[in-house]
Structure formats: structure tokens, C-alpha cells
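final_38.pdb, holding PDB, N, CA and C atoms, pLDDT in the B column:
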```pdb
ATOM      1  N   MET A   1     240.358 134.656 -29.267  1.00 72.00           N
ATOM      2  CA  MET A   1     240.261 133.237 -29.494  1.00 72.00           C
ATOM      3  C   MET A   1     239.475 132.628 -28.335  1.00 72.00           C
ATOM      4  N   GLU A   2     238.602 131.745 -28.673  1.00 78.00           N
ATOM      5  CA  GLU A   2     237.795 131.113 -27.642  1.00 78.00           C
ATOM      6  C   GLU A   2     238.629 130.155 -26.800  1.00 78.00           C
ATOM      7  N   ALA A   3     238.163 129.936 -25.573  1.00 79.00           N
ATOM      8  CA  ALA A   3     238.836 128.997 -24.678  1.00 79.00           C
ATOM      9  C   ALA A   3     238.774 127.596 -25.268  1.00 79.00           C
ATOM     10  N   TRP A   4     239.778 126.790 -24.946  1.00 76.00           N
ATOM     11  CA  TRP A   4     239.789 125.407 -25.413  1.00 76.00           C
ATOM     12  C   TRP A   4     240.596 124.570 -24.441  1.00 76.00           C
ATOM     13  N   GLN A   5     240.427 123.273 -24.562  1.00 77.00           N
ATOM     14  CA  GLN A   5     241.124 122.351 -23.672  1.00 77.00           C
ATOM     15  C   GLN A   5     241.760 121.237 -24.492  1.00 77.00           C
ATOM     16  N   ARG A   6     243.014 120.973 -24.189  1.00 73.00           N
ATOM     17  CA  ARG A   6     243.726 119.875 -24.852  1.00 73.00           C
ATOM     18  C   ARG A   6     243.297 118.578 -24.169  1.00 73.00           C
ATOM     19  N   PRO A   7     242.852 117.596 -24.942  1.00 71.00           N
ATOM     20  CA  PRO A   7     242.424 116.330 -24.330  1.00 71.00           C
ATOM     21  C   PRO A   7     243.589 115.604 -23.653  1.00 71.00           C
ATOM     22  N   GLU A   8     243.264 114.853 -22.648  1.00 68.00           N
ATOM     23  CA  GLU A   8     244.280 114.073 -21.945  1.00 68.00           C
ATOM     24  C   GLU A   8     244.863 113.032 -22.900  1.00 68.00           C
ATOM     25  N   GLY A   9     246.168 112.846 -22.837  1.00 64.00           N
ATOM     26  CA  GLY A   9     246.832 111.881 -23.695  1.00 64.00           C
ATOM     27  C   GLY A   9     247.187 112.429 -25.063  1.00 64.00           C
ATOM     28  N   TYR A  10     246.778 113.635 -25.350  1.00 66.00           N
ATOM     29  CA  TYR A  10     247.105 114.279 -26.621  1.00 66.00           C
ATOM     30  C   TYR A  10     248.362 115.080 -26.407  1.00 66.00           C
ATOM     31  N   TRP A  11     249.470 114.628 -26.931  1.00 67.00           N
ATOM     32  CA  TRP A  11     250.786 115.219 -26.760  1.00 67.00           C
ATOM     33  C   TRP A  11     251.391 114.838 -25.428  1.00 67.00           C
ATOM     34  N   LEU A  12     250.748 115.212 -24.355  1.00 65.00           N
ATOM     35  CA  LEU A  12     251.257 114.928 -23.010  1.00 65.00           C
ATOM     36  C   LEU A  12     250.228 114.081 -22.264  1.00 65.00           C
ATOM     37  N   ALA A  13     250.641 113.509 -21.159  1.00 61.00           N
ATOM     38  CA  ALA A  13     249.748 112.637 -20.394  1.00 61.00           C
ATOM     39  C   ALA A  13     248.666 113.416 -19.653  1.00 61.00           C
ATOM     40  N   THR A  14     248.865 114.726 -19.475  1.00 63.00           N
ATOM     41  CA  THR A  14     247.882 115.512 -18.730  1.00 63.00           C
ATOM     42  C   THR A  14     247.120 116.440 -19.660  1.00 63.00           C
ATOM     43  N   SER A  15     245.907 116.765 -19.278  1.00 62.00           N
ATOM     44  CA  SER A  15     245.129 117.712 -20.072  1.00 62.00           C
ATOM     45  C   SER A  15     245.476 119.129 -19.625  1.00 62.00           C
ATOM     46  N   ARG A  16     245.140 120.094 -20.448  1.00 74.00           N
ATOM     47  CA  ARG A  16     245.417 121.480 -20.088  1.00 74.00           C
ATOM     48  C   ARG A  16     244.335 122.352 -20.707  1.00 74.00           C
ATOM     49  N   ALA A  17     243.854 123.287 -19.908  1.00 78.00           N
ATOM     50  CA  ALA A  17     242.812 124.198 -20.372  1.00 78.00           C
ATOM     51  C   ALA A  17     243.421 125.573 -20.642  1.00 78.00           C
ATOM     52  N   TYR A  18     242.919 126.229 -21.676  1.00 77.00           N
ATOM     53  CA  TYR A  18     243.356 127.574 -22.031  1.00 77.00           C
ATOM     54  C   TYR A  18     242.145 128.499 -21.976  1.00 77.00           C
ATOM     55  N   PRO A  19     242.248 129.621 -21.263  1.00 81.00           N
ATOM     56  CA  PRO A  19     241.112 130.535 -21.147  1.00 81.00           C
ATOM     57  C   PRO A  19     240.896 131.345 -22.429  1.00 81.00           C
ATOM     58  N   ASP A  20     239.765 132.038 -22.494  1.00 81.00           N
ATOM     59  CA  ASP A  20     239.513 132.947 -23.613  1.00 81.00           C
ATOM     60  C   ASP A  20     240.640 133.958 -23.720  1.00 81.00           C
ATOM     61  N   SER A  21     241.040 134.242 -24.930  1.00 82.00           N
ATOM     62  CA  SER A  21     242.047 135.273 -25.161  1.00 82.00           C
ATOM     63  C   SER A  21     241.344 136.631 -25.147  1.00 82.00           C
ATOM     64  N   PRO A  22     241.924 137.607 -24.476  1.00 84.00           N
ATOM     65  CA  PRO A  22     241.290 138.924 -24.458  1.00 84.00           C
ATOM     66  C   PRO A  22     241.412 139.635 -25.810  1.00 84.00           C
ATOM     67  N   GLY A  23     242.244 139.108 -26.705  1.00 86.00           N
ATOM     68  CA  GLY A  23     242.436 139.758 -28.005  1.00 86.00           C
ATOM     69  C   GLY A  23     243.392 140.932 -27.882  1.00 86.00           C
ATOM     70  N   TRP A  24     243.650 141.574 -28.992  1.00 89.00           N
ATOM     71  CA  TRP A  24     244.559 142.716 -28.994  1.00 89.00           C
ATOM     72  C   TRP A  24     243.766 144.001 -28.846  1.00 89.00           C
ATOM     73  N   SER A  25     244.355 144.940 -28.142  1.00 92.00           N
ATOM     74  CA  SER A  25     243.729 146.250 -28.018  1.00 92.00           C
ATOM     75  C   SER A  25     243.835 146.971 -29.361  1.00 92.00           C
ATOM     76  N   GLU A  26     243.113 148.039 -29.516  1.00 95.00           N
ATOM     77  CA  GLU A  26     243.173 148.831 -30.751  1.00 95.00           C
ATOM     78  C   GLU A  26     244.591 149.334 -30.988  1.00 95.00           C
ATOM     79  N   GLN A  27     245.260 149.756 -29.933  1.00 96.00           N
ATOM     80  CA  GLN A  27     246.638 150.238 -30.049  1.00 96.00           C
ATOM     81  C   GLN A  27     247.575 149.118 -30.516  1.00 96.00           C
ATOM     82  N   GLU A  28     247.415 147.924 -29.954  1.00 95.00           N
ATOM     83  CA  GLU A  28     248.241 146.781 -30.363  1.00 95.00           C
ATOM     84  C   GLU A  28     247.996 146.424 -31.823  1.00 95.00           C
ATOM     85  N   GLN A  29     246.745 146.455 -32.252  1.00 95.00           N
ATOM     86  CA  GLN A  29     246.418 146.154 -33.641  1.00 95.00           C
ATOM     87  C   GLN A  29     247.059 147.166 -34.586  1.00 95.00           C
ATOM     88  N   GLN A  30     247.026 148.440 -34.210  1.00 97.00           N
ATOM     89  CA  GLN A  30     247.633 149.485 -35.042  1.00 97.00           C
ATOM     90  C   GLN A  30     249.146 149.324 -35.101  1.00 97.00           C
ATOM     91  N   GLU A  31     249.752 148.985 -33.959  1.00 97.00           N
ATOM     92  CA  GLU A  31     251.201 148.804 -33.925  1.00 97.00           C
ATOM     93  C   GLU A  31     251.635 147.623 -34.791  1.00 97.00           C
ATOM     94  N   VAL A  32     250.898 146.517 -34.717  1.00 96.00           N
ATOM     95  CA  VAL A  32     251.216 145.351 -35.538  1.00 96.00           C
ATOM     96  C   VAL A  32     251.055 145.687 -37.021  1.00 96.00           C
ATOM     97  N   ALA A  33     249.998 146.400 -37.372  1.00 97.00           N
ATOM     98  CA  ALA A  33     249.785 146.785 -38.769  1.00 97.00           C
ATOM     99  C   ALA A  33     250.924 147.680 -39.253  1.00 97.00           C
ATOM    100  N   MET A  34     251.360 148.616 -38.408  1.00 98.00           N
ATOM    101  CA  MET A  34     252.457 149.516 -38.764  1.00 98.00           C
ATOM    102  C   MET A  34     253.758 148.731 -38.958  1.00 98.00           C
ATOM    103  N   LEU A  35     254.047 147.796 -38.048  1.00 97.00           N
ATOM    104  CA  LEU A  35     255.270 147.012 -38.154  1.00 97.00           C
ATOM    105  C   LEU A  35     255.252 146.099 -39.381  1.00 97.00           C
ATOM    106  N   ARG A  36     254.101 145.531 -39.700  1.00 97.00           N
ATOM    107  CA  ARG A  36     254.003 144.684 -40.889  1.00 97.00           C
ATOM    108  C   ARG A  36     254.215 145.498 -42.157  1.00 97.00           C
ATOM    109  N   GLU A  37     253.664 146.708 -42.193  1.00 97.00           N
ATOM    110  CA  GLU A  37     253.858 147.577 -43.352  1.00 97.00           C
ATOM    111  C   GLU A  37     255.331 147.970 -43.486  1.00 97.00           C
ATOM    112  N   LYS A  38     255.965 148.259 -42.368  1.00 97.00           N
ATOM    113  CA  LYS A  38     257.392 148.590 -42.386  1.00 97.00           C
ATOM    114  C   LYS A  38     258.204 147.398 -42.890  1.00 97.00           C
ATOM    115  N   GLU A  39     257.851 146.202 -42.439  1.00 95.00           N
ATOM    116  CA  GLU A  39     258.536 144.990 -42.875  1.00 95.00           C
ATOM    117  C   GLU A  39     258.401 144.800 -44.385  1.00 95.00           C
ATOM    118  N   ARG A  40     257.192 145.009 -44.912  1.00 95.00           N
ATOM    119  CA  ARG A  40     256.986 144.880 -46.360  1.00 95.00           C
ATOM    120  C   ARG A  40     257.837 145.890 -47.124  1.00 95.00           C
ATOM    121  N   GLY A  41     257.893 147.124 -46.634  1.00 95.00           N
ATOM    122  CA  GLY A  41     258.695 148.149 -47.286  1.00 95.00           C
ATOM    123  C   GLY A  41     260.172 147.816 -47.288  1.00 95.00           C
ATOM    124  N   LEU A  42     260.679 147.366 -46.148  1.00 93.00           N
ATOM    125  CA  LEU A  42     262.093 147.013 -46.051  1.00 93.00           C
ATOM    126  C   LEU A  42     262.430 145.790 -46.901  1.00 93.00           C
ATOM    127  N   THR A  43     261.502 144.849 -46.985  1.00 90.00           N
ATOM    128  CA  THR A  43     261.717 143.682 -47.830  1.00 90.00           C
ATOM    129  C   THR A  43     261.882 144.101 -49.278  1.00 90.00           C
ATOM    130  N   GLY A  44     261.043 145.028 -49.724  1.00 92.00           N
ATOM    131  CA  GLY A  44     261.164 145.534 -51.091  1.00 92.00           C
ATOM    132  C   GLY A  44     262.486 146.227 -51.331  1.00 92.00           C
ATOM    133  N   VAL A  45     262.944 147.007 -50.362  1.00 92.00           N
ATOM    134  CA  VAL A  45     264.227 147.703 -50.493  1.00 92.00           C
ATOM    135  C   VAL A  45     265.366 146.695 -50.619  1.00 92.00           C
ATOM    136  N   ILE A  46     265.331 145.669 -49.797  1.00 86.00           N
ATOM    137  CA  ILE A  46     266.400 144.658 -49.820  1.00 86.00           C
ATOM    138  C   ILE A  46     266.376 143.872 -51.132  1.00 86.00           C
ATOM    139  N   LEU A  47     265.206 143.409 -51.533  1.00 85.00           N
ATOM    140  CA  LEU A  47     265.120 142.557 -52.721  1.00 85.00           C
ATOM    141  C   LEU A  47     265.426 143.300 -54.018  1.00 85.00           C
ATOM    142  N   THR A  48     265.179 144.600 -54.052  1.00 89.00           N
ATOM    143  CA  THR A  48     265.399 145.355 -55.281  1.00 89.00           C
ATOM    144  C   THR A  48     266.685 146.162 -55.256  1.00 89.00           C
ATOM    145  N   HIS A  49     267.504 145.981 -54.234  1.00 89.00           N
ATOM    146  CA  HIS A  49     268.763 146.721 -54.128  1.00 89.00           C
ATOM    147  C   HIS A  49     269.674 146.369 -55.302  1.00 89.00           C
ATOM    148  N   ALA A  50     270.414 147.343 -55.784  1.00 90.00           N
ATOM    149  CA  ALA A  50     271.297 147.153 -56.937  1.00 90.00           C
ATOM    150  C   ALA A  50     272.346 146.073 -56.703  1.00 90.00           C
ATOM    151  N   PHE A  51     272.701 145.821 -55.465  1.00 87.00           N
ATOM    152  CA  PHE A  51     273.700 144.794 -55.152  1.00 87.00           C
ATOM    153  C   PHE A  51     273.343 143.451 -55.767  1.00 87.00           C
ATOM    154  N   TRP A  52     272.058 143.081 -55.742  1.00 85.00           N
ATOM    155  CA  TRP A  52     271.652 141.752 -56.208  1.00 85.00           C
ATOM    156  C   TRP A  52     271.869 141.594 -57.703  1.00 85.00           C
ATOM    157  N   GLY A  53     271.930 142.681 -58.444  1.00 87.00           N
ATOM    158  CA  GLY A  53     272.239 142.604 -59.861  1.00 87.00           C
ATOM    159  C   GLY A  53     273.688 142.245 -60.125  1.00 87.00           C
ATOM    160  N   GLU A  54     274.542 142.474 -59.118  1.00 89.00           N
ATOM    161  CA  GLU A  54     275.965 142.173 -59.247  1.00 89.00           C
ATOM    162  C   GLU A  54     276.303 140.737 -58.860  1.00 89.00           C
ATOM    163  N   VAL A  55     275.359 140.049 -58.235  1.00 88.00           N
ATOM    164  CA  VAL A  55     275.589 138.675 -57.780  1.00 88.00           C
ATOM    165  C   VAL A  55     275.036 137.722 -58.840  1.00 88.00           C
ATOM    166  N   ALA A  56     275.864 136.793 -59.273  1.00 87.00           N
ATOM    167  CA  ALA A  56     275.435 135.826 -60.283  1.00 87.00           C
ATOM    168  C   ALA A  56     274.246 135.018 -59.779  1.00 87.00           C
ATOM    169  N   GLY A  57     273.341 134.696 -60.683  1.00 83.00           N
ATOM    170  CA  GLY A  57     272.117 133.980 -60.329  1.00 83.00           C
ATOM    171  C   GLY A  57     272.300 132.795 -59.406  1.00 83.00           C
ATOM    172  N   PRO A  58     273.184 131.842 -59.724  1.00 84.00           N
ATOM    173  CA  PRO A  58     273.333 130.670 -58.862  1.00 84.00           C
ATOM    174  C   PRO A  58     273.854 131.001 -57.453  1.00 84.00           C
ATOM    175  N   GLU A  59     274.606 132.090 -57.318  1.00 90.00           N
ATOM    176  CA  GLU A  59     275.156 132.449 -56.014  1.00 90.00           C
ATOM    177  C   GLU A  59     274.220 133.351 -55.209  1.00 90.00           C
ATOM    178  N   ARG A  60     273.172 133.849 -55.844  1.00 87.00           N
ATOM    179  CA  ARG A  60     272.278 134.811 -55.193  1.00 87.00           C
ATOM    180  C   ARG A  60     271.579 134.200 -53.979  1.00 87.00           C
ATOM    181  N   LEU A  61     271.125 132.974 -54.089  1.00 86.00           N
ATOM    182  CA  LEU A  61     270.431 132.315 -52.977  1.00 86.00           C
ATOM    183  C   LEU A  61     271.345 132.189 -51.770  1.00 86.00           C
ATOM    184  N   ASP A  62     272.585 131.756 -51.997  1.00 89.00           N
ATOM    185  CA  ASP A  62     273.536 131.619 -50.898  1.00 89.00           C
ATOM    186  C   ASP A  62     273.852 132.982 -50.287  1.00 89.00           C
ATOM    187  N   ALA A  63     273.982 134.004 -51.112  1.00 87.00           N
ATOM    188  CA  ALA A  63     274.282 135.345 -50.610  1.00 87.00           C
ATOM    189  C   ALA A  63     273.150 135.855 -49.725  1.00 87.00           C
ATOM    190  N   ARG A  64     271.909 135.613 -50.129  1.00 83.00           N
ATOM    191  CA  ARG A  64     270.763 136.052 -49.317  1.00 83.00           C
ATOM    192  C   ARG A  64     270.699 135.265 -48.005  1.00 83.00           C
ATOM    193  N   SER A  65     271.029 133.998 -48.047  1.00 85.00           N
ATOM    194  CA  SER A  65     271.051 133.199 -46.823  1.00 85.00           C
ATOM    195  C   SER A  65     272.121 133.712 -45.868  1.00 85.00           C
ATOM    196  N   GLN A  66     273.274 134.066 -46.405  1.00 86.00           N
ATOM    197  CA  GLN A  66     274.344 134.607 -45.562  1.00 86.00           C
ATOM    198  C   GLN A  66     273.927 135.933 -44.950  1.00 86.00           C
ATOM    199  N   LEU A  67     273.192 136.738 -45.694  1.00 82.00           N
ATOM    200  CA  LEU A  67     272.731 138.025 -45.181  1.00 82.00           C
ATOM    201  C   LEU A  67     271.836 137.842 -43.956  1.00 82.00           C
ATOM    202  N   LYS A  68     270.988 136.815 -43.980  1.00 82.00           N
ATOM    203  CA  LYS A  68     270.095 136.554 -42.849  1.00 82.00           C
ATOM    204  C   LYS A  68     270.869 136.304 -41.560  1.00 82.00           C
ATOM    205  N   HIS A  69     272.065 135.734 -41.685  1.00 84.00           N
ATOM    206  CA  HIS A  69     272.836 135.342 -40.510  1.00 84.00           C
ATOM    207  C   HIS A  69     274.073 136.200 -40.294  1.00 84.00           C
ATOM    208  N   ALA A  70     274.150 137.346 -40.953  1.00 81.00           N
ATOM    209  CA  ALA A  70     275.343 138.192 -40.885  1.00 81.00           C
ATOM    210  C   ALA A  70     275.653 138.629 -39.458  1.00 81.00           C
ATOM    211  N   LEU A  71     274.652 138.910 -38.661  1.00 81.00           N
ATOM    212  CA  LEU A  71     274.894 139.393 -37.297  1.00 81.00           C
ATOM    213  C   LEU A  71     275.262 138.275 -36.329  1.00 81.00           C
ATOM    214  N   GLU A  72     275.099 137.035 -36.725  1.00 81.00           N
ATOM    215  CA  GLU A  72     275.412 135.901 -35.859  1.00 81.00           C
ATOM    216  C   GLU A  72     276.850 135.444 -35.988  1.00 81.00           C
ATOM    217  N   ARG A  73     277.580 135.986 -36.930  1.00 68.00           N
ATOM    218  CA  ARG A  73     278.943 135.525 -37.194  1.00 68.00           C
ATOM    219  C   ARG A  73     279.855 135.819 -36.016  1.00 68.00           C
ATOM    220  N   GLU A  74     280.662 134.855 -35.665  1.00 66.00           N
ATOM    221  CA  GLU A  74     281.554 134.981 -34.508  1.00 66.00           C
ATOM    222  C   GLU A  74     282.692 135.954 -34.743  1.00 66.00           C
ATOM    223  N   ASP A  75     283.158 136.066 -35.983  1.00 62.00           N
ATOM    224  CA  ASP A  75     284.305 136.924 -36.245  1.00 62.00           C
ATOM    225  C   ASP A  75     283.937 138.404 -36.261  1.00 62.00           C
ATOM    226  N   GLY A  76     282.633 138.722 -36.155  1.00 57.00           N
ATOM    227  CA  GLY A  76     282.197 140.097 -36.100  1.00 57.00           C
ATOM    228  C   GLY A  76     282.033 140.729 -37.474  1.00 57.00           C
ATOM    229  N   GLU A  77     282.496 140.055 -38.522  1.00 57.00           N
ATOM    230  CA  GLU A  77     282.364 140.614 -39.856  1.00 57.00           C
ATOM    231  C   GLU A  77     280.883 140.748 -40.209  1.00 57.00           C
ATOM    232  N   GLY A  78     280.522 141.897 -40.745  1.00 50.00           N
ATOM    233  CA  GLY A  78     279.135 142.130 -41.126  1.00 50.00           C
ATOM    234  C   GLY A  78     278.315 142.791 -40.038  1.00 50.00           C
ATOM    235  N   GLN A  79     278.892 142.983 -38.859  1.00 51.00           N
ATOM    236  CA  GLN A  79     278.139 143.576 -37.755  1.00 51.00           C
ATOM    237  C   GLN A  79     278.177 145.086 -37.749  1.00 51.00           C
ATOM    238  N   GLU A  80     279.048 145.701 -38.538  1.00 51.00           N
ATOM    239  CA  GLU A  80     279.131 147.154 -38.513  1.00 51.00           C
ATOM    240  C   GLU A  80     277.866 147.820 -39.035  1.00 51.00           C
ATOM    241  N   ALA A  81     277.016 147.092 -39.758  1.00 48.00           N
ATOM    242  CA  ALA A  81     275.790 147.660 -40.272  1.00 48.00           C
ATOM    243  C   ALA A  81     274.702 147.752 -39.201  1.00 48.00           C
ATOM    244  N   ALA A  82     274.872 147.063 -38.103  1.00 42.00           N
ATOM    245  CA  ALA A  82     273.848 147.021 -37.058  1.00 42.00           C
ATOM    246  C   ALA A  82     273.752 148.296 -36.277  1.00 42.00           C
TER
END
```

Mind turning the file's structure into C-alpha cells?
Amino acid sequence: MEAWQRPEGYWLATSRAYPDSPGWSEQEQQEVAMLREKERGLTGVILTHAFWGEVAGPERLDARSQLKHALEREDGEGQEAA
């Protein structure tokens, strides 16, 4: 990414300059591509799991939302999968 400067008074009272980004190395690019592919694969596994067929349509959205936050629960329930 090319260098750029935030104008004074834009967001904050002071201006700020950002230097050219060196970009990602070839290794970093490959690692990001690998992780994104893994994420896509895992998303497919989760979305097509047989469990979702057992959850009624209206409750499915809430169940998926709860799954996103399962590890944050204070009572520890749902953490054994981690």
C-alpha cells in the first residue's frame, strides 16, 4: 500500500503520516491463503453438519449465534470441545 497522510482536522486535531507498506512476503501470502482455505473447509463442515437438521428452522439462527460464543460462557459449559 502506498504511503498516505491523514489531513489535519480529519478525525483528530493532528495530522498523521503513514509510510509505504512493505507488503506481505511470499511465505506470508501462502500462509494466509492456506488459512483462508482451511476456514472455508471448516465453515462447510459446520454448516452441513447433521446437527442442524435436528434444530427447528426458527431456532437455528439462535443456536448458531450461541455456538459462536460457546467458549465465552462463564459456567464453562461448551468448553470441553476446545

From atom C of Met1 of chain A to atom C of Ser21 of chain A the spacing works out at 5.4 Å

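Here the PyMOL selection byres ((chain A and resi 5) around 6) catches exactly these residues: Ala3, Trp4, Arg6, Pro7, Arg16, Ala17 and Tyr18 of chain A.
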
Computed gap from atom C of Arg40 of chain A to atom CA of Trp24 of chain A is 22.7 Å

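With atom CA of Leu47 of chain A on one side and atom CA of Arg64 of chain A on the other, the separation reads 9.3 Å.
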